[in-house]
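S.K.: The following file, input_21.pdb, comprises PDB, C-alpha atoms and all ligand atoms:
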```
ATOM      1  CA  MET A 178      17.946   5.691 -11.798
ATOM      2  CA  SER A 179      16.438   7.957 -14.397
ATOM      3  CA  GLN A 180      14.234  10.672 -12.967
ATOM      4  CA  HIS A 181      11.225  11.640 -14.992
ATOM      5  CA  ALA A 182       8.019  13.501 -14.372
ATOM      6  CA  ARG A 183       5.313  11.230 -12.989
ATOM      7  CA  LYS A 184       2.216  10.773 -15.069
ATOM      8  CA  LEU A 185      -0.858  12.370 -13.539
ATOM      9  CA  HIS A 186      -3.832  10.092 -12.809
ATOM     10  CA  THR A 187      -7.260  10.934 -11.452
ATOM     11  CA  LEU A 188      -9.085   8.775  -8.898
ATOM     12  CA  THR A 189     -12.629   9.341  -7.689
ATOM     13  CA  LEU A 190     -12.433   9.368  -3.894
ATOM     14  CA  ARG A 191     -15.408  10.128  -1.672
ATOM     15  CA  GLY A 192     -17.176  11.309  -4.808
ATOM     16  CA  SER A 193     -14.537  13.869  -5.802
ATOM     17  CA  ALA A 194     -11.832  13.764  -8.436
ATOM     18  CA  CYS A 195      -8.358  13.570  -6.875
ATOM     19  CA  VAL A 196      -5.287  14.037  -9.014
ATOM     20  CA  LEU A 197      -2.321  11.832  -8.143
ATOM     21  CA  GLY A 198       1.223  12.539  -9.282
ATOM     22  CA  GLY A 199       1.566  16.278  -8.685
ATOM     23  CA  ARG A 200       3.010  15.474  -5.277
ATOM     24  CA  THR A 201       3.544  12.156  -3.537
ATOM     25  CA  TRP A 202       0.713  10.977  -1.333
ATOM     26  CA  ILE A 203       1.571   9.517   2.036
ATOM     27  CA  MET A 204      -0.387   6.491   3.217
ATOM     28  CA  GLY A 205       0.061   5.951   6.963
ATOM     29  CA  VAL A 206       0.063   2.377   8.298
ATOM     30  CA  LEU A 207      -2.357   1.747  11.162
ATOM     31  CA  ASN A 208      -2.250  -1.925  12.117
ATOM     32  CA  VAL A 209      -4.789  -2.907  14.749
ATOM     33  CA  THR A 210      -3.320  -6.380  15.076
ATOM     34  CA  PRO A 211      -1.544  -8.095  17.962
ATOM     35  CA  ASP A 212       1.203  -9.467  15.663
ATOM     36  CA  SER A 213       2.222  -7.198  12.742
ATOM     37  CA  PHE A 214       5.963  -7.323  12.140
ATOM     38  CA  SER A 215       6.910  -3.820  13.246
ATOM     39  CA  ASP A 216       3.935  -2.288  15.041
ATOM     40  CA  GLY A 217       1.812  -5.235  16.211
ATOM     41  CA  GLY A 218       0.149  -4.859  19.596
ATOM     42  CA  ARG A 219       0.779  -1.116  19.891
ATOM     43  CA  PHE A 220      -2.838  -0.181  20.455
ATOM     44  CA  ALA A 221      -4.487  -1.414  23.609
ATOM     45  CA  SER A 222      -7.780   0.261  22.751
ATOM     46  CA  THR A 223      -9.771   1.708  19.870
ATOM     47  CA  ASP A 224      -9.172   5.174  21.333
ATOM     48  CA  ASP A 225      -5.397   4.667  21.138
ATOM     49  CA  ALA A 226      -5.658   3.564  17.518
ATOM     50  CA  VAL A 227      -7.924   6.498  16.606
ATOM     51  CA  ARG A 228      -5.505   8.895  18.296
ATOM     52  CA  GLU A 229      -2.623   7.419  16.289
ATOM     53  CA  GLY A 230      -4.606   7.748  13.040
ATOM     54  CA  LEU A 231      -5.390  11.401  13.751
ATOM     55  CA  ALA A 232      -1.725  12.005  14.625
ATOM     56  CA  GLN A 233      -0.733  10.495  11.269
ATOM     57  CA  PHE A 234      -3.037  12.916   9.414
ATOM     58  CA  GLU A 235      -1.585  15.750  11.496
ATOM     59  CA  ALA A 236       1.927  14.597  10.510
ATOM     60  CA  GLY A 237       1.114  14.689   6.790
ATOM     61  CA  ALA A 238      -0.739  11.502   5.842
ATOM     62  CA  ASP A 239      -3.153  11.813   2.912
ATOM     63  CA  VAL A 240      -4.660   8.387   3.604
ATOM     64  CA  VAL A 241      -4.526   6.166   6.674
ATOM     65  CA  ASP A 242      -4.592   2.426   5.951
ATOM     66  CA  VAL A 243      -6.348   0.461   8.690
ATOM     67  CA  GLY A 244      -5.496  -3.257   8.834
ATOM     68  CA  GLY A 245      -6.715  -6.023  11.116
ATOM     69  CA  GLU A 246      -4.700  -8.996   9.876
ATOM     70  CA  SER A 247      -0.926  -9.387   9.874
ATOM     71  CA  THR A 248       0.705 -10.729   6.699
ATOM     72  CA  ARG A 249       4.031 -11.578   8.306
ATOM     73  CA  PRO A 250       5.372 -15.149   8.037
ATOM     74  CA  GLY A 251       3.553 -17.493  10.419
ATOM     75  CA  ALA A 252       0.950 -14.907  11.466
ATOM     76  CA  ALA A 253      -2.337 -16.325  12.750
ATOM     77  CA  VAL A 254      -5.215 -16.485  10.263
ATOM     78  CA  VAL A 255      -7.945 -14.098  11.397
ATOM     79  CA  ASP A 256     -11.588 -14.906  10.831
ATOM     80  CA  PRO A 257     -13.619 -12.157   9.112
ATOM     81  CA  ASP A 258     -15.761 -11.336  12.181
ATOM     82  CA  GLN A 259     -12.679 -10.849  14.309
ATOM     83  CA  GLU A 260     -11.062  -8.678  11.632
ATOM     84  CA  ILE A 261     -14.259  -6.597  11.375
ATOM     85  CA  ARG A 262     -14.287  -6.138  15.162
ATOM     86  CA  ARG A 263     -10.733  -4.806  14.951
ATOM     87  CA  VAL A 264     -11.024  -2.373  12.035
ATOM     88  CA  VAL A 265     -14.611  -1.059  12.034
ATOM     89  CA  PRO A 266     -14.537   0.819  15.371
ATOM     90  CA  VAL A 267     -11.274   2.502  14.368
ATOM     91  CA  ILE A 268     -12.636   3.559  10.968
ATOM     92  CA  GLU A 269     -15.857   4.818  12.556
ATOM     93  CA  GLY A 270     -13.911   6.649  15.259
ATOM     94  CA  LEU A 271     -11.696   8.353  12.700
ATOM     95  CA  ARG A 272     -14.611   9.354  10.442
ATOM     96  CA  VAL A 273     -16.592  10.771  13.370
ATOM     97  CA  ARG A 274     -13.584  12.940  14.185
ATOM     98  CA  GLY A 275     -13.455  14.303  10.631
ATOM     99  CA  ALA A 276     -10.565  12.237   9.345
ATOM    100  CA  SER A 277      -9.489  12.529   5.743
ATOM    101  CA  PHE A 278      -9.231   9.469   3.451
ATOM    102  CA  LEU A 279      -9.219   6.015   4.984
ATOM    103  CA  SER A 280      -8.383   2.705   3.394
ATOM    104  CA  VAL A 281      -8.933  -0.798   4.671
ATOM    105  CA  ASP A 282      -6.092  -3.289   4.303
ATOM    106  CA  THR A 283      -7.859  -6.597   3.800
ATOM    107  CA  THR A 284      -8.160  -9.516   1.394
ATOM    108  CA  LYS A 285     -11.695 -10.390   2.538
ATOM    109  CA  ALA A 286     -14.818  -8.981   0.893
ATOM    110  CA  ALA A 287     -16.864  -9.208   4.119
ATOM    111  CA  VAL A 288     -14.296  -7.061   5.923
ATOM    112  CA  ALA A 289     -14.046  -4.599   3.043
ATOM    113  CA  ARG A 290     -17.855  -4.286   2.912
ATOM    114  CA  ALA A 291     -18.113  -3.579   6.658
ATOM    115  CA  ALA A 292     -15.216  -1.104   6.460
ATOM    116  CA  LEU A 293     -16.750   0.757   3.495
ATOM    117  CA  ASP A 294     -20.080   0.896   5.351
ATOM    118  CA  ALA A 295     -18.220   2.327   8.358
ATOM    119  CA  GLY A 296     -16.672   5.104   6.238
ATOM    120  CA  ALA A 297     -13.578   3.717   4.508
ATOM    121  CA  ASP A 298     -12.907   5.297   1.105
ATOM    122  CA  LEU A 299     -10.781   2.685  -0.627
ATOM    123  CA  VAL A 300      -9.730  -0.946  -0.445
ATOM    124  CA  ASN A 301      -6.112  -2.097  -0.205
ATOM    125  CA  ASP A 302      -6.010  -5.775  -1.154
ATOM    126  CA  VAL A 303      -2.534  -7.332  -0.934
ATOM    127  CA  SER A 304      -3.800 -10.353  -2.887
ATOM    128  CA  GLY A 305      -4.866  -8.203  -5.856
ATOM    129  CA  PHE A 306      -8.436  -9.590  -5.579
ATOM    130  CA  ARG A 307      -7.133 -13.179  -5.750
ATOM    131  CA  TYR A 308      -8.036 -14.505  -2.289
ATOM    132  CA  ASP A 309     -11.752 -13.712  -2.283
ATOM    133  CA  ALA A 310     -13.852 -13.935  -5.446
ATOM    134  CA  ALA A 311     -16.398 -11.542  -3.934
ATOM    135  CA  MET A 312     -13.874  -8.689  -3.624
ATOM    136  CA  ALA A 313     -13.805  -7.465  -7.245
ATOM    137  CA  PRO A 314     -17.638  -7.413  -7.592
ATOM    138  CA  LEU A 315     -17.882  -5.507  -4.289
ATOM    139  CA  VAL A 316     -15.357  -2.880  -5.423
ATOM    140  CA  ALA A 317     -17.140  -2.652  -8.799
ATOM    141  CA  GLN A 318     -20.497  -2.128  -7.140
ATOM    142  CA  ARG A 319     -19.227   0.520  -4.692
ATOM    143  CA  GLY A 320     -17.144   2.329  -7.332
ATOM    144  CA  VAL A 321     -14.320   2.943  -4.830
ATOM    145  CA  PRO A 322     -10.614   2.962  -5.689
ATOM    146  CA  ALA A 323      -8.612  -0.156  -4.900
ATOM    147  CA  VAL A 324      -4.941  -0.997  -4.554
ATOM    148  CA  LEU A 325      -4.008  -4.253  -6.286
ATOM    149  CA  MET A 326      -0.757  -5.554  -4.840
ATOM    150  CA  HIS A 327       1.440  -8.235  -6.378
ATOM    151  CA  LEU A 328       2.101 -11.441  -4.511
ATOM    152  CA  ARG A 329       2.301 -15.115  -5.363
ATOM    153  CA  GLY A 330       0.755 -17.974  -3.447
ATOM    154  CA  ASP A 331      -1.160 -17.690  -0.176
ATOM    155  CA  PHE A 332       0.096 -16.058   3.030
ATOM    156  CA  GLN A 333       1.946 -19.256   4.001
ATOM    157  CA  ALA A 334       3.424 -20.166   0.589
ATOM    158  CA  MET A 335       4.573 -16.682  -0.361
ATOM    159  CA  HIS A 336       7.371 -16.715   2.208
ATOM    160  CA  ARG A 337       8.910 -19.889   0.792
ATOM    161  CA  GLN A 338      11.727 -19.542  -1.729
ATOM    162  CA  PRO A 339      10.346 -17.243  -4.447
ATOM    163  CA  ALA A 340      11.752 -17.711  -7.974
ATOM    164  CA  TYR A 341      11.811 -15.166 -10.794
ATOM    165  CA  ALA A 342      13.741 -15.066 -14.072
ATOM    166  CA  ASP A 343      13.027 -11.330 -14.345
ATOM    167  CA  VAL A 344      11.281  -9.928 -11.308
ATOM    168  CA  ALA A 345      10.245  -6.553 -12.758
ATOM    169  CA  ARG A 346       8.803  -8.033 -15.961
ATOM    170  CA  GLU A 347       6.984 -10.824 -14.156
ATOM    171  CA  VAL A 348       5.491  -8.497 -11.541
ATOM    172  CA  ALA A 349       4.292  -6.124 -14.279
ATOM    173  CA  ALA A 350       2.819  -8.985 -16.334
ATOM    174  CA  GLU A 351       1.029 -10.482 -13.318
ATOM    175  CA  LEU A 352      -0.347  -7.088 -12.265
ATOM    176  CA  ALA A 353      -1.605  -6.544 -15.821
ATOM    177  CA  GLN A 354      -3.506  -9.840 -15.467
ATOM    178  CA  ARG A 355      -5.002  -8.674 -12.163
ATOM    179  CA  VAL A 356      -6.177  -5.446 -13.826
ATOM    180  CA  ALA A 357      -7.737  -7.394 -16.722
ATOM    181  CA  GLU A 358      -9.565  -9.706 -14.312
ATOM    182  CA  ALA A 359     -10.796  -6.814 -12.213
ATOM    183  CA  GLU A 360     -12.081  -5.157 -15.374
ATOM    184  CA  ARG A 361     -13.914  -8.360 -16.346
ATOM    185  CA  ALA A 362     -15.623  -8.244 -12.933
ATOM    186  CA  GLY A 363     -16.833  -4.727 -13.697
ATOM    187  CA  VAL A 364     -14.210  -2.628 -11.859
ATOM    188  CA  ALA A 365     -13.342   0.635 -13.625
ATOM    189  CA  PRO A 366      -9.608   0.419 -14.418
ATOM    190  CA  SER A 367      -9.405   4.171 -13.744
ATOM    191  CA  GLN A 368     -10.023   3.368 -10.041
ATOM    192  CA  LEU A 369      -7.093   0.944  -9.736
ATOM    193  CA  VAL A 370      -3.706   1.632  -8.150
ATOM    194  CA  LEU A 371      -0.904  -0.929  -8.632
ATOM    195  CA  ASP A 372       1.671  -2.040  -6.086
ATOM    196  CA  PRO A 373       4.734  -4.258  -6.745
ATOM    197  CA  GLY A 374       4.368  -5.880  -3.302
ATOM    198  CA  LEU A 375       7.802  -5.123  -1.832
ATOM    199  CA  GLY A 376       8.846  -8.045   0.372
ATOM    200  CA  PHE A 377       5.852 -10.192  -0.618
ATOM    201  CA  ALA A 378       6.888 -13.446  -2.310
ATOM    202  CA  LYS A 379      10.206 -11.705  -2.992
ATOM    203  CA  ASP A 380      13.557 -12.059  -1.263
ATOM    204  CA  ALA A 381      15.732  -9.034  -0.493
ATOM    205  CA  SER A 382      17.432  -9.013  -3.901
ATOM    206  CA  HIS A 383      14.097  -9.328  -5.758
ATOM    207  CA  THR A 384      12.715  -6.443  -3.698
ATOM    208  CA  LEU A 385      15.751  -4.229  -4.293
ATOM    209  CA  GLU A 386      15.529  -4.900  -8.035
ATOM    210  CA  ALA A 387      11.772  -4.258  -8.041
ATOM    211  CA  ILE A 388      12.475  -0.821  -6.533
ATOM    212  CA  ARG A 389      15.300  -0.058  -8.998
ATOM    213  CA  ARG A 390      13.048  -0.993 -11.912
ATOM    214  CA  LEU A 391       9.873   0.633 -10.568
ATOM    215  CA  PRO A 392       9.752   3.008 -13.598
ATOM    216  CA  GLU A 393       8.854  -0.055 -15.732
ATOM    217  CA  LEU A 394       5.523  -0.368 -13.881
ATOM    218  CA  ALA A 395       4.449   3.026 -15.224
ATOM    219  CA  ALA A 396       3.918   1.313 -18.600
ATOM    220  CA  LEU A 397       0.746  -0.246 -17.159
ATOM    221  CA  GLY A 398      -0.804   3.216 -17.184
ATOM    222  CA  ARG A 399      -1.999   3.220 -13.576
ATOM    223  CA  PRO A 400      -0.793   5.080 -10.470
ATOM    224  CA  ILE A 401       1.791   3.225  -8.379
ATOM    225  CA  LEU A 402       1.855   2.635  -4.633
ATOM    226  CA  ALA A 403       4.987   1.285  -2.945
ATOM    227  CA  GLY A 404       5.338   0.003   0.607
ATOM    228  CA  PRO A 405       9.016  -0.317   1.569
ATOM    229  CA  SER A 406       8.560   0.814   5.179
ATOM    230  CA  ARG A 407      10.810  -0.972   7.723
ATOM    231  CA  LYS A 408      10.782  -4.158   5.653
ATOM    232  CA  SER A 409      13.252  -7.008   5.966
ATOM    233  CA  PHE A 410      15.157  -6.139   2.757
ATOM    234  CA  ILE A 411      16.275  -2.993   4.626
ATOM    235  CA  GLY A 412      17.208  -5.148   7.615
ATOM    236  CA  ARG A 413      19.194  -7.402   5.260
ATOM    237  CA  VAL A 414      21.223  -4.451   3.920
ATOM    238  CA  LEU A 415      21.774  -2.727   7.266
ATOM    239  CA  ASP A 416      21.585  -5.667   9.685
ATOM    240  CA  LEU A 417      19.154  -3.753  11.896
ATOM    241  CA  PRO A 418      15.807  -4.704  13.505
ATOM    242  CA  ALA A 419      12.488  -3.254  12.270
ATOM    243  CA  GLY A 420      12.464  -0.424  14.830
ATOM    244  CA  GLU A 421      15.834   0.888  13.623
ATOM    245  CA  ARG A 422      15.143   1.028   9.898
ATOM    246  CA  VAL A 423      13.951   4.615   9.607
ATOM    247  CA  PHE A 424      16.951   5.884   7.615
ATOM    248  CA  GLY A 425      16.896   2.783   5.423
ATOM    249  CA  THR A 426      13.188   3.376   4.886
ATOM    250  CA  ALA A 427      13.937   6.996   3.948
ATOM    251  CA  ALA A 428      16.385   5.827   1.268
ATOM    252  CA  ALA A 429      13.873   3.335  -0.104
ATOM    253  CA  VAL A 430      11.037   5.882  -0.064
ATOM    254  CA  ALA A 431      13.255   8.329  -1.985
ATOM    255  CA  ALA A 432      14.099   5.657  -4.564
ATOM    256  CA  CYS A 433      10.416   4.781  -4.963
ATOM    257  CA  VAL A 434       9.304   8.395  -5.371
ATOM    258  CA  LEU A 435      12.088   9.198  -7.848
ATOM    259  CA  GLY A 436      11.176   5.967  -9.635
ATOM    260  CA  GLY A 437       7.585   7.066 -10.133
ATOM    261  CA  ALA A 438       5.556   6.022  -7.052
ATOM    262  CA  HIS A 439       2.449   8.181  -6.615
ATOM    263  CA  ILE A 440       1.771   6.935  -3.075
ATOM    264  CA  VAL A 441       4.139   5.551  -0.435
ATOM    265  CA  ARG A 442       2.807   3.447   2.430
ATOM    266  CA  VAL A 443       4.830   4.165   5.589
ATOM    267  CA  HIS A 444       4.853   3.801   9.369
ATOM    268  CA  ASP A 445       6.945   6.926  10.084
ATOM    269  CA  VAL A 446       4.598   9.461   8.514
ATOM    270  CA  GLY A 447       6.226  12.780   9.550
ATOM    271  CA  PRO A 448       9.801  11.916   8.535
ATOM    272  CA  MET A 449       8.727  10.197   5.292
ATOM    273  CA  ALA A 450       6.488  13.130   4.347
ATOM    274  CA  GLN A 451       9.653  15.264   4.492
ATOM    275  CA  VAL A 452      11.560  12.776   2.336
ATOM    276  CA  ALA A 453       8.736  12.740  -0.212
ATOM    277  CA  ARG A 454       8.488  16.557  -0.315
ATOM    278  CA  VAL A 455      12.188  16.868  -1.149
ATOM    279  CA  CYS A 456      11.900  14.182  -3.831
ATOM    280  CA  ASP A 457       8.850  15.974  -5.247
ATOM    281  CA  ALA A 458      10.841  19.201  -5.413
ATOM    282  CA  ILE A 459      13.622  17.376  -7.285
ATOM    283  CA  LEU A 460      11.106  15.838  -9.696
ATOM    284  CA  SER A 461       9.491  19.168 -10.440
ATOM    285  CA  SER A 462      12.774  21.048 -10.950
ATOM    286  CA  GLY A 463      14.203  22.250 -14.252
ATOM    287  CA  PRO A 464      12.906  22.893 -17.740
ATOM    288  CA  GLU A 465      12.041  19.238 -18.537
ATOM    289  CA  ALA A 466       9.595  18.989 -15.634
ATOM    290  CA  ALA A 467       8.067  22.319 -16.604
ATOM    291  CA  ARG A 468       7.523  21.014 -20.165
ATOM    292  CA  ALA A 469       6.009  17.738 -18.889
ATOM    293  CA  SER A 470       3.452  19.502 -16.709
ATOM    294  CA  ALA A 471       2.573  22.156 -19.338
TER
HETATM  295  N1  LIG B 501       2.765  -4.197   3.166
HETATM  296  C1  LIG B 501       2.229  -4.697   4.295
HETATM  297  C2  LIG B 501       0.833  -4.697   4.492
HETATM  298  N2  LIG B 501       0.003  -4.179   3.559
HETATM  299  N3  LIG B 501      -0.299  -3.134   1.473
HETATM  300  C3  LIG B 501       0.217  -2.657   0.333
HETATM  301  N4  LIG B 501      -0.595  -2.153  -0.618
HETATM  302  N5  LIG B 501       1.561  -2.645   0.091
HETATM  303  C4  LIG B 501       2.447  -3.147   0.988
HETATM  304  O1  LIG B 501       3.669  -3.146   0.697
HETATM  305  C5  LIG B 501       1.936  -3.688   2.218
HETATM  306  C6  LIG B 501       0.532  -3.659   2.422
HETATM  307  C7  LIG B 501       3.190  -5.270   5.301
HETATM  308  O2  LIG B 501       2.927  -5.150   6.576
HETATM  309  P1  LIG B 501       2.846  -3.772   7.491
HETATM  310  O3  LIG B 501       1.400  -3.391   7.491
HETATM  311  O4  LIG B 501       3.307  -4.173   8.834
HETATM  312  O5  LIG B 501       3.717  -2.751   6.844
END
```
Could I get this file's structure written as structure tokens?
Ligand code: PMM
M.R.:
Amino acid sequence: MSQHARKLHTLTLRGSACVLGGRTWIMGVLNVTPDSFSDGGRFASTDDAVREGLAQFEAGADVVDVGGESTRPGAAVVDPDQEIRRVVPVIEGLRVRGASFLSVDTTKAAVARAALDAGADLVNDVSGFRYDAAMAPLVAQRGVPAVLMHLRGDFQAMHRQPAYADVAREVAAELAQRVAEAERAGVAPSQLVLDPGLGFAKDASHTLEAIRRLPELAALGRPILAGPSRKSFIGRVLDLPAGERVFGTAAAVAACVLGGAHIVRVHDVGPMAQVARVCDAILSSGPEAARASA
């Protein structure tokens, strides 16, 4: 894998300009769901979830991503009111306690609206604004950053046999379409972050190739977020369950950062912050990096 200086990009977050790319940002995963694949059902109460979110910031998270619907195969569909009841108290609780940036992991505009009203700073939509036509206009109107992730099909169909002739090229082309559509709906492209959707509508070999060819996504001119944490492609390589994939996750996080990811979305915040810091030091070493940042 070629290692090259990441491009710097500026997002407006909570009204301030934030530069991405100088060092890797860590997005902590906070699933307040009964059935997420690796951490479902961990939080019996809002207080527990808020405590976990604060602990993630303490451990080095730059953003905590609060989600109320599992995307794993066969997960129950959650109605928007239920999802709002799961995520809003946690977002409010974190903001009241002075938390840093918060994102909401949802495909539903009603949930995103309630989360933004409660203090969320950005929207993470795994459907890339495809599942709810009201999402792009909402993001445009609020002016917040949004993560557009790549997937194909709906939550049920995406886990059936995915087919690609060239996974990296097709993911990049489909993300470029998502950006163009978002722009048509009035979203500022400068507020968009792109995500290849590791493990979504991709089998293990597609996901591994998407990571190896992550540098190709940089051509779209937007910051990149990657979410390899504990996913099944790691289980496929190591033959280990989700709870024992921390070293595999570390390897994947390192590959993503060295391949140009600006943000990594992870469950194990402290350990992965260390991995990212070492990768950042490698990326910023030597005369080439000094020239690129001059
Ligand atoms: N993966 C999951 C959920 N949300 N959002 C983005 N942007 N990227 C991802 O790879 C991603 C995501 C998978 O489930 P988890 O919350 O249990 O990790």
S.K.: List as a PyMOL selection string the protein and nucleic acid residues lying within 8 Å of ligand LIG 501 (chain B), with only C-alpha atoms and all ligand atoms counted.
M.R.: chain A and resi 206-208+213-217+244+247-249+282+301-303+324-326+372-377+402-408+442-444
S.K.: Using the chain letters and numbers from the file, give me the residues hit by the PyMOL selection byres (((chain A and resi 334-342) around 7) and not hetatm), as a PyMOL selection string.
M.R.: chain A and resi 250+329-333+343-344+377-380
S.K.: Which residues would end up in the selection if the PyMOL selection byres (((chain A and resi 209) around 12) and not hetatm) were applied here, given that I need the answer as a PDB file with C-alpha atoms, in the frame of the given file?
M.R.:
```pdb
ATOM      1  CA  VAL A 206       0.063   2.377   8.298  1.00  0.00           C
ATOM      2  CA  LEU A 207      -2.357   1.747  11.162  1.00  0.00           C
ATOM      3  CA  ASN A 208      -2.250  -1.925  12.117  1.00  0.00           C
ATOM      4  CA  THR A 210      -3.320  -6.380  15.076  1.00  0.00           C
ATOM      5  CA  PRO A 211      -1.544  -8.095  17.962  1.00  0.00           C
ATOM      6  CA  ASP A 212       1.203  -9.467  15.663  1.00  0.00           C
ATOM      7  CA  SER A 213       2.222  -7.198  12.742  1.00  0.00           C
ATOM      8  CA  PHE A 214       5.963  -7.323  12.140  1.00  0.00           C
ATOM      9  CA  SER A 215       6.910  -3.820  13.246  1.00  0.00           C
ATOM     10  CA  ASP A 216       3.935  -2.288  15.041  1.00  0.00           C
ATOM     11  CA  GLY A 217       1.812  -5.235  16.211  1.00  0.00           C
ATOM     12  CA  GLY A 218       0.149  -4.859  19.596  1.00  0.00           C
ATOM     13  CA  ARG A 219       0.779  -1.116  19.891  1.00  0.00           C
ATOM     14  CA  PHE A 220      -2.838  -0.181  20.455  1.00  0.00           C
ATOM     15  CA  ALA A 221      -4.487  -1.414  23.609  1.00  0.00           C
ATOM     16  CA  SER A 222      -7.780   0.261  22.751  1.00  0.00           C
ATOM     17  CA  THR A 223      -9.771   1.708  19.870  1.00  0.00           C
ATOM     18  CA  ASP A 224      -9.172   5.174  21.333  1.00  0.00           C
ATOM     19  CA  ASP A 225      -5.397   4.667  21.138  1.00  0.00           C
ATOM     20  CA  ALA A 226      -5.658   3.564  17.518  1.00  0.00           C
ATOM     21  CA  VAL A 227      -7.924   6.498  16.606  1.00  0.00           C
ATOM     22  CA  GLU A 229      -2.623   7.419  16.289  1.00  0.00           C
ATOM     23  CA  GLY A 230      -4.606   7.748  13.040  1.00  0.00           C
ATOM     24  CA  ASP A 242      -4.592   2.426   5.951  1.00  0.00           C
ATOM     25  CA  VAL A 243      -6.348   0.461   8.690  1.00  0.00           C
ATOM     26  CA  GLY A 244      -5.496  -3.257   8.834  1.00  0.00           C
ATOM     27  CA  GLY A 245      -6.715  -6.023  11.116  1.00  0.00           C
ATOM     28  CA  GLU A 246      -4.700  -8.996   9.876  1.00  0.00           C
ATOM     29  CA  SER A 247      -0.926  -9.387   9.874  1.00  0.00           C
ATOM     30  CA  GLN A 259     -12.679 -10.849  14.309  1.00  0.00           C
ATOM     31  CA  GLU A 260     -11.062  -8.678  11.632  1.00  0.00           C
ATOM     32  CA  ILE A 261     -14.259  -6.597  11.375  1.00  0.00           C
ATOM     33  CA  ARG A 262     -14.287  -6.138  15.162  1.00  0.00           C
ATOM     34  CA  ARG A 263     -10.733  -4.806  14.951  1.00  0.00           C
ATOM     35  CA  VAL A 264     -11.024  -2.373  12.035  1.00  0.00           C
ATOM     36  CA  VAL A 265     -14.611  -1.059  12.034  1.00  0.00           C
ATOM     37  CA  PRO A 266     -14.537   0.819  15.371  1.00  0.00           C
ATOM     38  CA  VAL A 267     -11.274   2.502  14.368  1.00  0.00           C
ATOM     39  CA  ILE A 268     -12.636   3.559  10.968  1.00  0.00           C
ATOM     40  CA  VAL A 281      -8.933  -0.798   4.671  1.00  0.00           C
ATOM     41  CA  ASP A 282      -6.092  -3.289   4.303  1.00  0.00           C
ATOM     42  CA  THR A 283      -7.859  -6.597   3.800  1.00  0.00           C
TER      43      THR A 283
END
```
S.K.: Counting all atoms listed in the file, write as a VMD selection string all protein and nucleic acid residues lying at most 12 Å from (16.7, 8.4, 6.8) in the file's frame.
M.R.: chain A and resid 406 to 407 411 421 to 432 445 447 to 453
S.K.: Please report the interatomic distance between CA of Leu185 in chain A and CA of Gly199 in chain A in Å with one decimal.
M.R.: 6.7 Å
S.K.: Taking 5 positions as the minimum chain separation for residues in the same chain, which residues sit within 10 Å of Phe234 in chain A when counting only C-alpha atoms? Answer as a list in words.
M.R.: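 Final neighbour list, sorted by chain and number: Ile203, Met204, Gly205, Glu229, Asp239, Val240, Val241, Ala276, Ser277, Phe278, Val446 and Gly447 of chain A.
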S.K.: Go ahead and compute the interatomic distance for CA of Arg191 in chain A and CA of His327 in chain A, in Å to one decimal.
M.R.: 25.4 Å
S.K.: Produce a table with one row for each residue of range 205-311 of chain A that has an atom at most 12 Å from any atom of range 347-351 of chain A, each row naming the nearest atom pair and its distance in Å at one decimal; use all atoms listed in the file; arrange rows by chain and rising residue number; format as a tab-separated table.
M.R.:
```
residue	atom	partner	partner_atom	distance
A:Ser304	CA	A:Glu351	CA	11.5
A:Gly305	CA	A:Glu351	CA	9.8
A:Arg307	CA	A:Glu351	CA	11.5
```
S.K.: Expand the PyMOL selection byres (((chain A and resi 321) around 8) and not hetatm) into the individual residues it matches in the shown file, reporting them as a list in words.
M.R.: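 With the shown file as input, the PyMOL selection byres (((chain A and resi 321) around 8) and not hetatm) matches Thr189, Leu190, Arg191, Asp298, Leu299, Val300, Val316, Ala317, Arg319, Gly320, Pro322, Ala323 and Gln368 of chain A.
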S.K.: What is the CA of Leu460 in chain A-CA of Pro392 in chain A distance in Å, reported with one decimal?
M.R.: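 We find that CA of Leu460 in chain A and CA of Pro392 in chain A lie 13.5 Å from each other.
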S.K.: So, with only C-alpha atoms as the atoms that count, which of A:Gly363, A:Gly270, A:Gly251, A:Gly437 lies closest to Arg183 in chain A?
M.R.: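 When distances to Arg183 in chain A are compared using only C-alpha atoms, the smallest one comes from A:Gly437.
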S.K.: Distance cut-off 12 Å, centre (18.4, -0.7, -7.2) in file coordinates, counting all atoms listed in the file: which residues qualify? Return them as a PyMOL selection string.
M.R.: chain A and resi 178-179+345+381-392+410+428-429+431-433+435-436
S.K.: Mind dumping the selected residues with C-alpha atoms as a JSON list (two decimals), in the frame of the given file?
M.R.:
```
[["chain", "number", "residue", "atom", "x", "y", "z"],
["A", 178, "MET", "CA", 17.95, 5.69, -11.80],
["A", 179, "SER", "CA", 16.44, 7.96, -14.40],
["A", 345, "ALA", "CA", 10.24, -6.55, -12.76],
["A", 381, "ALA", "CA", 15.73, -9.03, -0.49],
["A", 382, "SER", "CA", 17.43, -9.01, -3.90],
["A", 383, "HIS", "CA", 14.10, -9.33, -5.76],
["A", 384, "THR", "CA", 12.72, -6.44, -3.70],
["A", 385, "LEU", "CA", 15.75, -4.23, -4.29],
["A", 386, "GLU", "CA", 15.53, -4.90, -8.04],
["A", 387, "ALA", "CA", 11.77, -4.26, -8.04],
["A", 388, "ILE", "CA", 12.48, -0.82, -6.53],
["A", 389, "ARG", "CA", 15.30, -0.06, -9.00],
["A", 390, "ARG", "CA", 13.05, -0.99, -11.91],
["A", 391, "LEU", "CA", 9.87, 0.63, -10.57],
["A", 392, "PRO", "CA", 9.75, 3.01, -13.60],
["A", 410, "PHE", "CA", 15.16, -6.14, 2.76],
["A", 428, "ALA", "CA", 16.39, 5.83, 1.27],
["A", 429, "ALA", "CA", 13.87, 3.34, -0.10],
["A", 431, "ALA", "CA", 13.26, 8.33, -1.98],
["A", 432, "ALA", "CA", 14.10, 5.66, -4.56],
["A", 433, "CYS", "CA", 10.42, 4.78, -4.96],
["A", 435, "LEU", "CA", 12.09, 9.20, -7.85],
["A", 436, "GLY", "CA", 11.18, 5.97, -9.64]]
```
